[in-house]
Amino acid sequence: MQRRFLLWCLLILYGVFGSLGGLAATAGEEGTLRIALSAPVTSLDPHNYRSGIDWIVDSQLYDTLVYRDPNGALKPALAKSWETIDDLTWRFHLREDVVFHDSTPFNADAVKINLERLINPEKPARASFYLTAVSSVEVVDEYTVDIRTKAPTPPLLNFLAQGSIGMISPTALAQYGDEITYHPVGTGPFKFVEWVPGQRVVLERNESYFRGAPKLARVVFLPIPEDASRVMALMAGDVDVIQFPPIEYIPILKNSPEYSVLNVPGHRVVGIWFNVEKYPFTDRQVRRALEYAIDRDAIVTQILGGVATKAMGVLPPGVWGRLEYWPYYYDPDKAKELLANAGWQDTDGDGVLDKEGEPFKVTLSTCMGKYYKDVEIATAVQAQLRKVGVDVKVQVWEWGAYLDHLQAHEQDFHIQGWGASADADEPLRSNFYSGKPWNVMGYSNSQVDELLDKGLHEMDLSKRRQYYEEAQRLIIDDAVWITLYNEPKIYAVRGYVKNFHIHPEDQLILLGTEVKR
Amino acid sequence: MIRFVLSRLIQLPAVICVITFIVFLLIHATPGDPARLLAGQEVTQELLASLRTELGLDKPLLLQYTTFLGKLLHGDLGKSWRTKRPVITEIASALPATVQLAISAMCISLVLGVSTGVICAVKQHLWLDNFVRIMLLIGVSMPVFWVGLLLIYLFSVCLKWFPSSGYGGIKHLILPSLALSTYSTALIARTTRSAMLDALSEDYINTARAKGLHEVIVDYKHALRNALIPIVTVTGINTGILLGGAILCETVFAWPGMGRLLVQGIFMRDVPIIQACVLISSSIFVLVNLSVDVLITYIDPRIRYA
């Protein structure tokens with residue numbers, strides 16, 4: 001009697017759930033691309049972006065004067081050509097066939113309004129630090145604009161190519177002011193439809209896009225912060241593209257004909273940064289010795305599953321002025337030899353080196369989940385250094401607390417990445433120039449400072465490159481960083497999505513993308 | 001009764017004060033500079049300093065707290081430091097989602113939990129009892145996010161019955177509610193079972209049976225009604241568990257609720273959002289428990305409050 005009762009209960013439950021569900025609960029429509037991002041969008045005002053996620057969406061809504069292609073070459077975008085009138089003045093000739101999404105024409109006035117909003121000294125936009133060199137913007141005629149700088153600024157074009165220097169419609173800016181983030185109007189391939197904060201951003205095709213209308217009718221961005229949920233959303237057919245699949249899933253997705261995995265080296269180098277103000281890392285010989293103690297190949301192939309490439313310098317590929325130079329290689333015996341030369345021997349036989357009675361004990365600080373497999377890499381480094389007699393303790397920090405810890409220079413050495421902008425000056429200056437806030441290593445080399453200062457205003461590009469390459473050589477020889485890998489941008493895509501391309505700088509190239517289910 | 005309810009309601013503001021003060025101290029004792037987190041890595045020192053002034057972080061702690069309290073008394077919860085939208089707007093868009101989730105999880109756990117507990121206690125088959133007790137132990141032990149991921153895998157990826165994440169209609173609500181209800185169902189089932197067993201062993205049950213009453217009436221009208229008190233009390237406390245579990249559940253299912261809002265707020269040290277979320281959660285908890293206490297007097301007339 002009870003058994004039949006239970007059986008009926010189960011059948012009813014199955015029926016109820018099955019009918020409520022329905023097959024293929026979220027099949028997408030033709031011509032709509034659904035992209036799952038790893039965090040929600042927080043701003044659609046490019047001048048006041050808050051994260052790389054915002055850039056991804058902004059790159060569909062807005063254009064910049066100059067476009068930097070995936071190989072780092074600068075190409076015309078909203079500006080069709082440019083020239084330098086003198087060392088301080090750059091003249092841009094604008095396209096005459098561009099219209100904002102609200103039908104406002106794009107012209108020199110629009111450029112002036114946008115740039116002035118960015119550099120407004122009373123209320124600088126967040127992206128203003130890219131334009132600190134700009135002193136004024138002048139309209140020459142309807143489609144010609146001059147940008148004047150305070151001092152010769154060789155990387156100006158690279159700065160203007162940053163996604164955050166996107167052009168917003170002046171009509172919309174006048175109407176909405178800072179609320180523009182909820183009513184974005186640009187010139188981009190897609191127009192804004194709706195943004196439900198925390199849930200989705202929906203864009204639709206801009207038929208009059210100056211490069212030709214995109215093939216997609218709509219693009220929907222959804223945030224799915226939990227890695228496993230994001231991958232499962234792709235597998236369930238709820239989304240067509242996902243950002244950053246977890247590394248463990250990549251072989252599964254690659255081996256299936258239903259998905260493809262796109263991988264592009266991004267502009268971030270991740271490594272271990274020495275605090276050169278803290279003993280024993282004050283000793284250059286010790287730092288150079290430890291460079292030979294780290295097996296970077298093992299880290300890249302085994303922990304990262306080969307999705308990243310080994311870093312061969314302190315700047316990622318694609319940055320203008322980058323020097324590919326890495327004189328170190330994995331050789332633990334050489335590391336021990338160099339440490340011995342620096343006075344570190346294992347005198348008491350406990351497996352840990354010591355000097356003047358003090359053992360070589362240090363703490364490696366890391367955050368968790370900020371970079372791919374950061375804690376696992378820290379643990380591997382701990383083991384590798386133990387082999388050469390260095391006792392490392394790994395300390396995991398929450399990101400907010402980590403920032404405080406680093407700014408106070410409390411760490412011995414730590415794991416971090418730096419997203420470089422496209423010109424060598426910014427990453428080198430921010431991290432290696434004496435006294436800069438993000439020079440948490442406390443590194444100070446007057447030769448490097450001098451080279452960076454000379455390069456900042458050197459308009460002769462070949463001389464400029466020499467300064468920066470020399471600076472990088474000094475930094476690398478000083479072994480300030482143990483760089484590990486170039487962080488990749490990885491997307492997983494369903495097979496029926498064609499022509500989906502990733503740009504190394506947190507942008508997606510959706511102009512030719514099609515969805516053919 | 002009215003006096004009782006009023007006196008509990010009057011305690012609410014005091015509770016809020018104490019909780020917001022504790023949260024305030026906790027946030028400021030935690031390492032992490034809100035201004036730096038909001039501004040990002042490339043910010044200049046000047047921008048950082050002006051941001052700190054804008055957020056009021058350069059003022060002494062007590063002044064910051066009293067300013068916040070003053071605004072609160074006027075109903076002004078401030079603006080989110082992260083999104084710059086009024087906190088009320090953020091909460092208004094997030095709260096309904098969490099309430100939906102919590103209520104459906106509560107309904108599922110009550111229906112499943114009470115029926116399982118009653119069946120176990122009434123039928124008293126050893127195999128059923130042991131089986132259910134093991135299932136309940138598993139239910140209490142499984143972390144909600146793991147249950148969530150399993151449900152997504154089974155029902156979205158394999159069977160394709162439900163969407164894997166996101167907010168929409170009933171279809172989107174079922175998996176998150178099931179995941180969230182796991183712990184509560186187990187808890188309520190265990191409570192029901194032991195309460196029913198206690199009730200069924202009372203003398204008046206024998207009297208009822210001796211009177212010739214049908215077994216179903218004995219079980220439900222007499223035993224269950226008396227067993228309801230611990231069940232209802234546990235349900236009140238369960239609200240807290242559901243609100244807490246909602247945080248993990250919302251992350252797994254990308255459910256745009258208050259839990260996710262709170263977590264984002266904590267990572268970015270967005271003080272107005274954190275305060276508002278904690279404030280609302282505590283108020284809900286206090287009010288639900290008040291309702292539970294009132295409800296009990298209707299269930300069991302013997303209970304009176306002085």
# chains A, B, ... in the order shown; residues from 1 in each chain; ligands from 1
$ interface_residues --of "chain B" --to "chain A" --cutoff "7 Å" --atoms "only C-alpha atoms" --output "ChimeraX atom specification"
/B:31-33,37,83,149,153,156-157,160-164,171,251-254,256,267
$ residues_around --residues "Glu469 (chain A)" --least-positions-apart "3" --cutoff "7 Å" --atoms "only C-alpha atoms" --output "list in words"
Gly321, Arg322, Leu323, Arg465, Gln466, Gln472 and Arg473 of chain A
$ residues_around --residues "region 18-20 of chain B" --least-positions-apart "3" --cutoff "12 Å" --atoms "only C-alpha atoms" --output "list in words"
Gln11, Leu12, Pro13, Ala14, Val15, Val23, Phe24, Leu25, Leu26, Ile27, Tyr65, Thr66, Phe68, Leu69, Leu72, Val271, Pro272, Ile273, Ile274, Gln275, Ala276, Cys277, Val278, Leu279, Ile280, Ser281, Ser282, Ser283 and Val286 of chain B
$ closest_residue --among "A:His503, A:Arg148, A:Arg284, A:Lys75" --to "Leu339 (chain A)" --atoms "only C-alpha atoms"
A:Arg284
